[in-house]
Amino acid sequence: MLTVKAYAATSATEPLAPTTIERRDVGATDVLIAIRYSGICHSDIHTVRGEWSSVTYPQVVGHEIVGEVAEIGSDVTEFAVGDRVGVGCMVNSCRECENCKAGMEQYCLKGNIGTYAARDRDGTITQGGYSTHVVVDKDFVLRVPESIPYEAAAPLLCAGITTYSPLAHWNAGPGKRVAVVGMGGLGHMAVKIASAMGADVTVLSQTLSKKDDGLAFGAKDYYASSDPQTLKTLRNSFDLVINTVSAALDFDDYVKLLRLDGVWVNVGAPPEPVAMRVFSLFANRRSFAGSSIGGIKETQDMLDFCAEHGIAPETELISADKINEAYERVLASDVRYRFVIDTATL
Ligand code: NAP
Ligand code: ZN
Ligand code: ZN
C-alpha cells in the first residue's frame with residue numbers, strides 16, 4: 001500500500017479537505033501514475049453533494065487526470081516510467097460483454113468501474129484524481145500527446161471525450177448544423193471539437209457574456225437563451241444538439257430547435273427526471289438521446305484528434321486550497337472554462 005495525499009469530501013455539505021488515502025500495491029498489469037494535474041468536472045460536484053446517489057464518505061473525486069508513469073507492473077510492456085499518460089472516468093470494465101468487445105467499455109453491460117465512487121474488484125470504493133498518485137490497470141491508461149500543453153490535457157479526459165464521442169457518432173462535419181447548449185467545461189470543448197470537425201456551430205448560452213470566446217472557439221453564431229426570441233428564431237434549425245447543461249431545461253421548448261431527423265443529445269446530467277411531451281418529438285421525426293463519456297480507443301482517438309488539430313481546453317490552474325471556491329464558481333457558471341488542480345499543492 002502507498003499512502004498518498006488527497007483532497008476529500010467528508011459529507012454532502014462540508015467543504016472538501018486535505019487528507020491521505022491508500023493506493024493499492026502495483027499489480028502485474030497495473031501502472032502507478034504520479035498525478036500532475038487534475039481537472040474539476042461538474043460531475044465531481046454532483047457526486048460529492050450526493051445529488052445522483054448516496055456516497056460513501058470520505059470520497060476523493062476527479063476523473064480528468066494527467067501525470068507521469070512512476071512504476072509499472074511486471075506484465076506491462078505498453079508503458080515505461082516517465083511516459084506522459086492520462087486517466088479518464090473509468091478504471092476497469094468486464095472486458096467480455098458485447099459492448100466491451102466493441103470498444104465501448106463505458107457501456108459495459110456489467111457496469112464500468114468509475115474512477116471514483118465505484119466499487120472496485122477488491123471491494124473497495126474507488127478514489128479519484130484530486131490526489132498525488134493513482135494505480136490503474138494499463139488497459140485504462142491513455143497516452144497524452146506531447147504537443148498538448150500538460151495542464152490543458154487533463155480536461156480532455158472527460159470534457160473532451162464526452163463531447164467528441166457524440167459528435168463523432170452523429171457525424172458532426174461539413175454541412176451539419178450543430179448547436180451546443182451551455183458553454184462551460186463540456187460546452188466549450190464541444191464548440192472547439194465540432195468546429196474542427198467542420199460543422200456549422202451555434203452556441204446557446206444563458207447570456208451573451210461569453211460571445212467573443214465562443215466565436216473565437218469556432219462558433220459561427222451565439223445566442224442568449226435568456227432572450228425569449230432565441231428559441232423561436234432558431235426553431236427547426238439543427239441536425240444535432242449537444243446539451244451540456246447541468247440543470248433541467250424545458251425540453252418541450254428546446255427540442256423544437258431540431259430540424260428533420262435532428263438528434264438531441266443530452267450529456268448534461270441533472271439529478272431530476274426529464275419531463276417532455278412525446279408530441280414534441282413527433283414533429284420533424286426528432287430523436288432524443290443520451291451519451292456517456294467514450295471508450296478507451298475512442299478516447300485515444302480524441303487525444304490524437306486534438307493534438308492534430310491543435311485543440312486544447314481553456315484552463316484556470318488552481319492550488320488545492322482553492323477547490324471549494326472553484327466549486328462555487330462552477331455552480332455560478334463563472335468558469336473559463338475548466339479549473340485544473342496543480343497536484344503539487346495537495
Ligand atoms: P459546467 O462547466 O458547470 O457547464 C455547464 C454549463 O451549463 C454552465 O457553464 C452554463 O453555461 C450552463 N448552465 C448551468 N446551469 C444552467 C441553468 N440552470 N440553465 C441553463 N444553463 C445552465 O459543467 P460541465 O463540467 O461542463 O458538466 C456539464 C454537465 O455534464 C454536468 O451535469 C455533468 O455532470 C455532466 N457530465 C456528463 C458526462 C457524460 O458522460 N454524459 C460527462 C461529464 C459531465 P452558460 O453559462 O454558457 O449558460
Ligand atoms: Zn466528468
Ligand atoms: Zn463489459
# chains A, B, ... in the order shown; residues from 1 in each chain; ligands from 1
call {"tool": "residues_near_ligand", "arguments": {"ligand": "ligand 3", "cutoff": "7 Å", "atoms": "only C-alpha atoms and all ligand atoms", "output": "number ranges by chain"}}
result
A: 93-100, 105, 108-112
call {"tool": "write_last_selection", "arguments": {"atoms": "N, CA and C atoms", "output": "CSV table (one decimal), in the first residue's frame"}}
result
chain,number,residue,atom,x,y,z
A,93,SER,N,-13.5,-2.5,-16.6
A,93,SER,CA,-14.8,-2.9,-17.1
A,93,SER,C,-14.7,-4.4,-17.2
A,94,CYS,N,-15.8,-5.1,-17.6
A,94,CYS,CA,-15.7,-6.6,-17.6
A,94,CYS,C,-14.9,-7.2,-18.7
A,95,ARG,N,-14.8,-6.4,-19.8
A,95,ARG,CA,-13.9,-6.8,-21.0
A,95,ARG,C,-14.5,-7.9,-21.8
A,96,GLU,N,-15.6,-8.5,-21.4
A,96,GLU,CA,-16.2,-9.7,-22.0
A,96,GLU,C,-17.5,-9.5,-22.7
A,97,CYS,N,-18.3,-8.5,-22.2
A,97,CYS,CA,-19.6,-8.3,-22.8
A,97,CYS,C,-19.5,-7.7,-24.2
A,98,GLU,N,-20.6,-7.7,-24.9
A,98,GLU,CA,-20.5,-7.3,-26.3
A,98,GLU,C,-20.1,-5.8,-26.4
A,99,ASN,N,-20.5,-5.0,-25.5
A,99,ASN,CA,-20.2,-3.6,-25.6
A,99,ASN,C,-18.7,-3.4,-25.3
A,100,CYS,N,-18.2,-4.1,-24.3
A,100,CYS,CA,-16.7,-4.0,-24.0
A,100,CYS,C,-15.9,-4.5,-25.3
A,105,GLU,N,-16.3,0.4,-23.6
A,105,GLU,CA,-16.3,0.0,-22.2
A,105,GLU,C,-17.2,0.9,-21.3
A,108,CYS,N,-20.3,-0.9,-20.7
A,108,CYS,CA,-20.2,-2.3,-20.2
A,108,CYS,C,-21.5,-2.8,-19.6
A,109,LEU,N,-21.9,-3.9,-20.0
A,109,LEU,CA,-23.2,-4.4,-19.5
A,109,LEU,C,-23.2,-4.8,-18.1
A,110,LYS,N,-22.0,-5.0,-17.5
A,110,LYS,CA,-21.9,-5.3,-16.1
A,110,LYS,C,-21.6,-4.0,-15.3
A,111,GLY,N,-21.5,-2.9,-16.0
A,111,GLY,CA,-21.2,-1.6,-15.4
A,111,GLY,C,-19.7,-1.4,-15.4
A,112,ASN,N,-19.3,-0.3,-16.0
A,112,ASN,CA,-17.8,0.0,-15.9
A,112,ASN,C,-17.5,0.4,-14.5
call {"tool": "closest_atom_pairs", "arguments": {"of": "chain A", "to": "ligand 2", "cutoff": "6 Å", "atoms": "only C-alpha atoms and all ligand atoms", "output": "Markdown table"}}
result
| residue | atom | partner | partner_atom_place_in_ligand_line | distance |
| --- | --- | --- | --- | --- |
| A:Cys41 | CA | ligand 2 | 1 (Zn) | 4.5 |
| A:Ser43 | CA | ligand 2 | 1 (Zn) | 5.1 |
| A:Cys158 | CA | ligand 2 | 1 (Zn) | 4.6 |
call {"tool": "closest_residue", "arguments": {"among": "A:Ile242, A:Ser287, A:Val76, A:Ile311", "to": "Gly218 of chain A", "atoms": "only C-alpha atoms"}}
result
A:Ile311
call {"tool": "residues_around", "arguments": {"residues": "Glu316 of chain A", "least_positions_apart": "4", "cutoff": "7 Å", "atoms": "only C-alpha atoms", "output": "PyMOL selection string"}}
result
chain A and resi 336+338-340
call {"tool": "residues_near_ligand", "arguments": {"ligand": "ligand 1", "cutoff": "6 Å", "atoms": "only C-alpha atoms and all ligand atoms", "output": "PDB file with all heavy atoms, in the first residue's frame"}}
result
ATOM      1  N   CYS A  41     -14.570  18.550 -12.838  1.00  0.00           N
ATOM      2  CA  CYS A  41     -15.756  18.347 -13.674  1.00  0.00           C
ATOM      3  C   CYS A  41     -16.995  18.604 -12.821  1.00  0.00           C
ATOM      4  O   CYS A  41     -16.987  18.341 -11.613  1.00  0.00           O
ATOM      5  CB  CYS A  41     -15.753  16.903 -14.180  1.00  0.00           C
ATOM      6  SG  CYS A  41     -17.206  16.463 -15.155  1.00  0.00           S
ATOM      7  N   HIS A  42     -18.048  19.086 -13.451  1.00  0.00           N
ATOM      8  CA  HIS A  42     -19.283  19.317 -12.686  1.00  0.00           C
ATOM      9  C   HIS A  42     -19.797  18.011 -12.074  1.00  0.00           C
ATOM     10  O   HIS A  42     -20.460  18.016 -11.030  1.00  0.00           O
ATOM     11  CB  HIS A  42     -20.345  19.955 -13.590  1.00  0.00           C
ATOM     12  CG  HIS A  42     -21.389  20.726 -12.853  1.00  0.00           C
ATOM     13  ND1 HIS A  42     -21.659  22.051 -13.068  1.00  0.00           N
ATOM     14  CD2 HIS A  42     -22.242  20.333 -11.870  1.00  0.00           C
ATOM     15  CE1 HIS A  42     -22.633  22.444 -12.264  1.00  0.00           C
ATOM     16  NE2 HIS A  42     -23.011  21.412 -11.524  1.00  0.00           N
ATOM     17  N   SER A  43     -19.462  16.886 -12.706  1.00  0.00           N
ATOM     18  CA  SER A  43     -19.872  15.586 -12.139  1.00  0.00           C
ATOM     19  C   SER A  43     -19.260  15.381 -10.758  1.00  0.00           C
ATOM     20  O   SER A  43     -19.854  14.705  -9.908  1.00  0.00           O
ATOM     21  CB  SER A  43     -19.431  14.445 -13.056  1.00  0.00           C
ATOM     22  OG  SER A  43     -19.995  14.586 -14.325  1.00  0.00           O
ATOM     23  N   CYS A 158     -12.270  13.949 -19.654  1.00  0.00           N
ATOM     24  CA  CYS A 158     -13.730  13.831 -19.502  1.00  0.00           C
ATOM     25  C   CYS A 158     -14.436  14.809 -20.432  1.00  0.00           C
ATOM     26  O   CYS A 158     -15.159  14.402 -21.323  1.00  0.00           O
ATOM     27  CB  CYS A 158     -14.206  14.026 -18.067  1.00  0.00           C
ATOM     28  SG  CYS A 158     -16.018  13.977 -17.983  1.00  0.00           S
ATOM     29  N   ALA A 159     -14.194  16.113 -20.250  1.00  0.00           N
ATOM     30  CA  ALA A 159     -14.926  17.097 -21.074  1.00  0.00           C
ATOM     31  C   ALA A 159     -14.658  16.866 -22.566  1.00  0.00           C
ATOM     32  O   ALA A 159     -15.564  16.997 -23.394  1.00  0.00           O
ATOM     33  CB  ALA A 159     -14.510  18.516 -20.681  1.00  0.00           C
ATOM     34  N   THR A 162     -16.317  13.307 -23.700  1.00  0.00           N
ATOM     35  CA  THR A 162     -17.787  13.287 -23.572  1.00  0.00           C
ATOM     36  C   THR A 162     -18.456  14.071 -24.702  1.00  0.00           C
ATOM     37  O   THR A 162     -19.593  13.786 -25.076  1.00  0.00           O
ATOM     38  CB  THR A 162     -18.209  13.852 -22.196  1.00  0.00           C
ATOM     39  OG1 THR A 162     -17.587  13.052 -21.188  1.00  0.00           O
ATOM     40  CG2 THR A 162     -19.706  13.822 -22.005  1.00  0.00           C
ATOM     41  N   GLY A 182     -25.153  25.541 -23.405  1.00  0.00           N
ATOM     42  CA  GLY A 182     -24.324  25.671 -22.198  1.00  0.00           C
ATOM     43  C   GLY A 182     -22.856  25.664 -22.589  1.00  0.00           C
ATOM     44  O   GLY A 182     -22.367  24.701 -23.171  1.00  0.00           O
ATOM     45  N   MET A 183     -22.152  26.755 -22.282  1.00  0.00           N
ATOM     46  CA  MET A 183     -20.724  26.800 -22.652  1.00  0.00           C
ATOM     47  C   MET A 183     -19.863  26.862 -21.390  1.00  0.00           C
ATOM     48  O   MET A 183     -19.213  27.848 -21.097  1.00  0.00           O
ATOM     49  CB  MET A 183     -20.423  27.951 -23.603  1.00  0.00           C
ATOM     50  CG  MET A 183     -19.120  27.685 -24.365  1.00  0.00           C
ATOM     51  SD  MET A 183     -18.767  28.859 -25.668  1.00  0.00           S
ATOM     52  CE  MET A 183     -18.226  30.257 -24.722  1.00  0.00           C
ATOM     53  N   GLY A 184     -19.847  25.751 -20.670  1.00  0.00           N
ATOM     54  CA  GLY A 184     -18.931  25.588 -19.538  1.00  0.00           C
ATOM     55  C   GLY A 184     -17.800  24.671 -19.982  1.00  0.00           C
ATOM     56  O   GLY A 184     -17.302  24.773 -21.104  1.00  0.00           O
ATOM     57  N   GLY A 185     -17.413  23.747 -19.074  1.00  0.00           N
ATOM     58  CA  GLY A 185     -16.299  22.848 -19.379  1.00  0.00           C
ATOM     59  C   GLY A 185     -16.562  21.971 -20.589  1.00  0.00           C
ATOM     60  O   GLY A 185     -15.781  21.946 -21.552  1.00  0.00           O
ATOM     61  N   LEU A 186     -17.674  21.235 -20.574  1.00  0.00           N
ATOM     62  CA  LEU A 186     -18.002  20.377 -21.719  1.00  0.00           C
ATOM     63  C   LEU A 186     -18.347  21.219 -22.940  1.00  0.00           C
ATOM     64  O   LEU A 186     -17.915  20.927 -24.057  1.00  0.00           O
ATOM     65  CB  LEU A 186     -19.186  19.456 -21.383  1.00  0.00           C
ATOM     66  CG  LEU A 186     -18.858  18.068 -20.832  1.00  0.00           C
ATOM     67  CD1 LEU A 186     -18.041  18.124 -19.563  1.00  0.00           C
ATOM     68  CD2 LEU A 186     -20.130  17.257 -20.597  1.00  0.00           C
ATOM     69  N   GLY A 187     -19.167  22.261 -22.702  1.00  0.00           N
ATOM     70  CA  GLY A 187     -19.671  23.047 -23.818  1.00  0.00           C
ATOM     71  C   GLY A 187     -18.560  23.680 -24.643  1.00  0.00           C
ATOM     72  O   GLY A 187     -18.597  23.652 -25.876  1.00  0.00           O
ATOM     73  N   SER A 205     -26.118  30.076 -24.887  1.00  0.00           N
ATOM     74  CA  SER A 205     -25.646  30.269 -23.527  1.00  0.00           C
ATOM     75  C   SER A 205     -26.695  31.111 -22.811  1.00  0.00           C
ATOM     76  O   SER A 205     -27.544  31.727 -23.461  1.00  0.00           O
ATOM     77  CB  SER A 205     -24.298  30.989 -23.585  1.00  0.00           C
ATOM     78  OG  SER A 205     -23.782  31.208 -22.310  1.00  0.00           O
ATOM     79  N   GLN A 206     -26.636  31.154 -21.483  1.00  0.00           N
ATOM     80  CA  GLN A 206     -27.683  31.901 -20.771  1.00  0.00           C
ATOM     81  C   GLN A 206     -27.630  33.382 -21.116  1.00  0.00           C
ATOM     82  O   GLN A 206     -28.655  34.046 -21.177  1.00  0.00           O
ATOM     83  CB  GLN A 206     -27.553  31.700 -19.261  1.00  0.00           C
ATOM     84  CG  GLN A 206     -27.870  30.260 -18.855  1.00  0.00           C
ATOM     85  CD  GLN A 206     -27.421  29.953 -17.436  1.00  0.00           C
ATOM     86  OE1 GLN A 206     -28.219  29.988 -16.514  1.00  0.00           O
ATOM     87  NE2 GLN A 206     -26.159  29.650 -17.249  1.00  0.00           N
ATOM     88  N   THR A 244     -25.181  20.410 -22.809  1.00  0.00           N
ATOM     89  CA  THR A 244     -24.212  20.193 -21.718  1.00  0.00           C
ATOM     90  C   THR A 244     -24.692  20.793 -20.400  1.00  0.00           C
ATOM     91  O   THR A 244     -23.920  20.834 -19.435  1.00  0.00           O
ATOM     92  CB  THR A 244     -22.849  20.834 -22.073  1.00  0.00           C
ATOM     93  OG1 THR A 244     -22.960  22.259 -21.982  1.00  0.00           O
ATOM     94  CG2 THR A 244     -22.376  20.436 -23.455  1.00  0.00           C
ATOM     95  N   VAL A 245     -25.929  21.246 -20.357  1.00  0.00           N
ATOM     96  CA  VAL A 245     -26.397  21.967 -19.162  1.00  0.00           C
ATOM     97  C   VAL A 245     -26.579  21.004 -17.985  1.00  0.00           C
ATOM     98  O   VAL A 245     -27.169  19.935 -18.129  1.00  0.00           O
ATOM     99  CB  VAL A 245     -27.697  22.737 -19.473  1.00  0.00           C
ATOM    100  CG1 VAL A 245     -28.284  23.355 -18.210  1.00  0.00           C
ATOM    101  CG2 VAL A 245     -27.437  23.801 -20.531  1.00  0.00           C
ATOM    102  N   SER A 246     -26.086  21.425 -16.844  1.00  0.00           N
ATOM    103  CA  SER A 246     -26.098  20.592 -15.643  1.00  0.00           C
ATOM    104  C   SER A 246     -27.428  20.635 -14.912  1.00  0.00           C
ATOM    105  O   SER A 246     -27.611  19.942 -13.914  1.00  0.00           O
ATOM    106  CB  SER A 246     -24.971  21.062 -14.719  1.00  0.00           C
ATOM    107  OG  SER A 246     -25.014  22.483 -14.623  1.00  0.00           O
ATOM    108  N   ALA A 247     -28.351  21.458 -15.380  1.00  0.00           N
ATOM    109  CA  ALA A 247     -29.675  21.581 -14.763  1.00  0.00           C
ATOM    110  C   ALA A 247     -30.726  21.180 -15.807  1.00  0.00           C
ATOM    111  O   ALA A 247     -30.433  21.121 -17.001  1.00  0.00           O
ATOM    112  CB  ALA A 247     -29.903  23.021 -14.317  1.00  0.00           C
ATOM    113  N   VAL A 267     -25.823  15.303 -22.747  1.00  0.00           N
ATOM    114  CA  VAL A 267     -24.668  14.840 -21.964  1.00  0.00           C
ATOM    115  C   VAL A 267     -24.715  15.459 -20.568  1.00  0.00           C
ATOM    116  O   VAL A 267     -24.156  14.898 -19.631  1.00  0.00           O
ATOM    117  CB  VAL A 267     -23.313  15.114 -22.668  1.00  0.00           C
ATOM    118  CG1 VAL A 267     -23.153  14.231 -23.893  1.00  0.00           C
ATOM    119  CG2 VAL A 267     -23.129  16.572 -23.006  1.00  0.00           C
ATOM    120  N   GLY A 268     -25.387  16.588 -20.447  1.00  0.00           N
ATOM    121  CA  GLY A 268     -25.610  17.176 -19.128  1.00  0.00           C
ATOM    122  C   GLY A 268     -26.418  16.185 -18.298  1.00  0.00           C
ATOM    123  O   GLY A 268     -27.253  15.458 -18.840  1.00  0.00           O
ATOM    124  N   ALA A 269     -26.146  16.145 -17.008  1.00  0.00           N
ATOM    125  CA  ALA A 269     -26.716  15.091 -16.171  1.00  0.00           C
ATOM    126  C   ALA A 269     -27.400  15.657 -14.925  1.00  0.00           C
ATOM    127  O   ALA A 269     -26.969  15.410 -13.800  1.00  0.00           O
ATOM    128  CB  ALA A 269     -25.612  14.114 -15.776  1.00  0.00           C
ATOM    129  N   PRO A 270     -28.488  16.434 -15.120  1.00  0.00           N
ATOM    130  CA  PRO A 270     -29.200  16.954 -13.952  1.00  0.00           C
ATOM    131  C   PRO A 270     -29.785  15.805 -13.141  1.00  0.00           C
ATOM    132  O   PRO A 270     -30.152  14.780 -13.705  1.00  0.00           O
ATOM    133  CB  PRO A 270     -30.310  17.822 -14.560  1.00  0.00           C
ATOM    134  CG  PRO A 270     -30.479  17.345 -15.956  1.00  0.00           C
ATOM    135  CD  PRO A 270     -29.142  16.804 -16.384  1.00  0.00           C
ATOM    136  N   SER A 291     -25.666  10.294 -24.042  1.00  0.00           N
ATOM    137  CA  SER A 291     -24.349   9.755 -24.388  1.00  0.00           C
ATOM    138  C   SER A 291     -23.455   9.852 -23.158  1.00  0.00           C
ATOM    139  O   SER A 291     -23.483  10.846 -22.433  1.00  0.00           O
ATOM    140  CB  SER A 291     -23.765  10.562 -25.555  1.00  0.00           C
ATOM    141  OG  SER A 291     -22.545  10.016 -25.980  1.00  0.00           O
ATOM    142  N   SER A 292     -22.704   8.796 -22.932  1.00  0.00           N
ATOM    143  CA  SER A 292     -21.848   8.747 -21.748  1.00  0.00           C
ATOM    144  C   SER A 292     -20.376   8.645 -22.168  1.00  0.00           C
ATOM    145  O   SER A 292     -20.023   7.754 -22.955  1.00  0.00           O
ATOM    146  CB  SER A 292     -22.226   7.529 -20.896  1.00  0.00           C
ATOM    147  OG  SER A 292     -21.377   7.437 -19.777  1.00  0.00           O
ATOM    148  N   ILE A 293     -19.581   9.528 -21.689  1.00  0.00           N
ATOM    149  CA  ILE A 293     -18.117   9.611 -21.948  1.00  0.00           C
ATOM    150  C   ILE A 293     -17.731   8.978 -23.278  1.00  0.00           C
ATOM    151  O   ILE A 293     -18.294   9.327 -24.306  1.00  0.00           O
ATOM    152  CB  ILE A 293     -17.288   9.113 -20.738  1.00  0.00           C
ATOM    153  CG1 ILE A 293     -17.758   7.744 -20.216  1.00  0.00           C
ATOM    154  CG2 ILE A 293     -17.362  10.154 -19.645  1.00  0.00           C
ATOM    155  CD1 ILE A 293     -16.843   7.132 -19.158  1.00  0.00           C
ATOM    156  N   VAL A 330     -17.995  27.255 -10.404  1.00  0.00           N
ATOM    157  CA  VAL A 330     -18.614  26.385 -11.423  1.00  0.00           C
ATOM    158  C   VAL A 330     -20.132  26.483 -11.303  1.00  0.00           C
ATOM    159  O   VAL A 330     -20.839  26.662 -12.303  1.00  0.00           O
ATOM    160  CB  VAL A 330     -18.147  24.913 -11.272  1.00  0.00           C
ATOM    161  CG1 VAL A 330     -18.982  23.982 -12.152  1.00  0.00           C
ATOM    162  CG2 VAL A 330     -16.660  24.775 -11.601  1.00  0.00           C
ATOM    163  N   LEU A 331     -20.636  26.408 -10.074  1.00  0.00           N
ATOM    164  CA  LEU A 331     -22.094  26.437  -9.866  1.00  0.00           C
ATOM    165  C   LEU A 331     -22.696  27.766 -10.302  1.00  0.00           C
ATOM    166  O   LEU A 331     -23.856  27.836 -10.696  1.00  0.00           O
ATOM    167  CB  LEU A 331     -22.417  26.160  -8.390  1.00  0.00           C
ATOM    168  CG  LEU A 331     -22.129  24.720  -7.950  1.00  0.00           C
ATOM    169  CD1 LEU A 331     -22.207  24.588  -6.430  1.00  0.00           C
ATOM    170  CD2 LEU A 331     -23.084  23.733  -8.624  1.00  0.00           C
ATOM    171  N   SER A 333     -21.731  29.344 -12.914  1.00  0.00           N
ATOM    172  CA  SER A 333     -21.360  29.473 -14.333  1.00  0.00           C
ATOM    173  C   SER A 333     -20.227  30.482 -14.514  1.00  0.00           C
ATOM    174  O   SER A 333     -20.132  31.153 -15.540  1.00  0.00           O
ATOM    175  CB  SER A 333     -22.562  29.869 -15.210  1.00  0.00           C
ATOM    176  OG  SER A 333     -23.567  28.897 -15.124  1.00  0.00           O
TER     177      SER A 333
END
call {"tool": "closest_residue", "arguments": {"among": "A:Lys138, A:His309, A:Arg36, A:His63", "to": "Ala194 of chain A", "atoms": "only C-alpha atoms"}}
result
A:His309
call {"tool": "select_by_dssp", "arguments": {"residues": "segment 9-228 of chain A", "states": "strand (DSSP E)", "output": "JSON, numbers by chain"}}
result
{"A": [17, 18, 19, 20, 21, 22, 23, 30, 31, 32, 33, 34, 35, 36, 37, 38, 39, 65, 66, 67, 68, 69, 70, 71, 72, 84, 85, 86, 87, 90, 91, 92, 113, 114, 133, 134, 135, 136, 137, 142, 143, 177, 178, 179, 180, 181, 200, 201, 202, 203, 204, 205, 221, 222, 223, 224]}
call {"tool": "residues_around", "arguments": {"residues": "Thr345 of chain A", "least_positions_apart": "3", "cutoff": "7 Å", "atoms": "only C-alpha atoms", "output": "PyMOL selection string"}}
result
chain A and resi 319-320+342
call {"tool": "residues_around", "arguments": {"residues": "segment 114-124 of chain A", "least_positions_apart": "6", "cutoff": "7 Å", "atoms": "only C-alpha atoms", "output": "list in words"}}
result
Val55, Gln59, Val60, Val61, His63, Cys89, Met90 and Val91 of chain A
call {"tool": "select_by_dssp", "arguments": {"residues": "segment 149-272 of chain A", "states": "helix (DSSP H, G or I)", "output": "PyMOL selection string"}}
result
chain A and resi 150-157+159-169+185-196+211-217+228-233+251-257
call {"tool": "closest_residue", "arguments": {"among": "A:Ala152, A:Ala216, A:Ala199, A:Ala168", "to": "Leu317 of chain A", "atoms": "only C-alpha atoms"}}
result
A:Ala152
call {"tool": "closest_residue", "arguments": {"among": "A:Trp52, A:Phe251, A:Phe79, A:Phe305", "to": "Phe279 of chain A", "atoms": "only C-alpha atoms"}}
result
A:Phe251
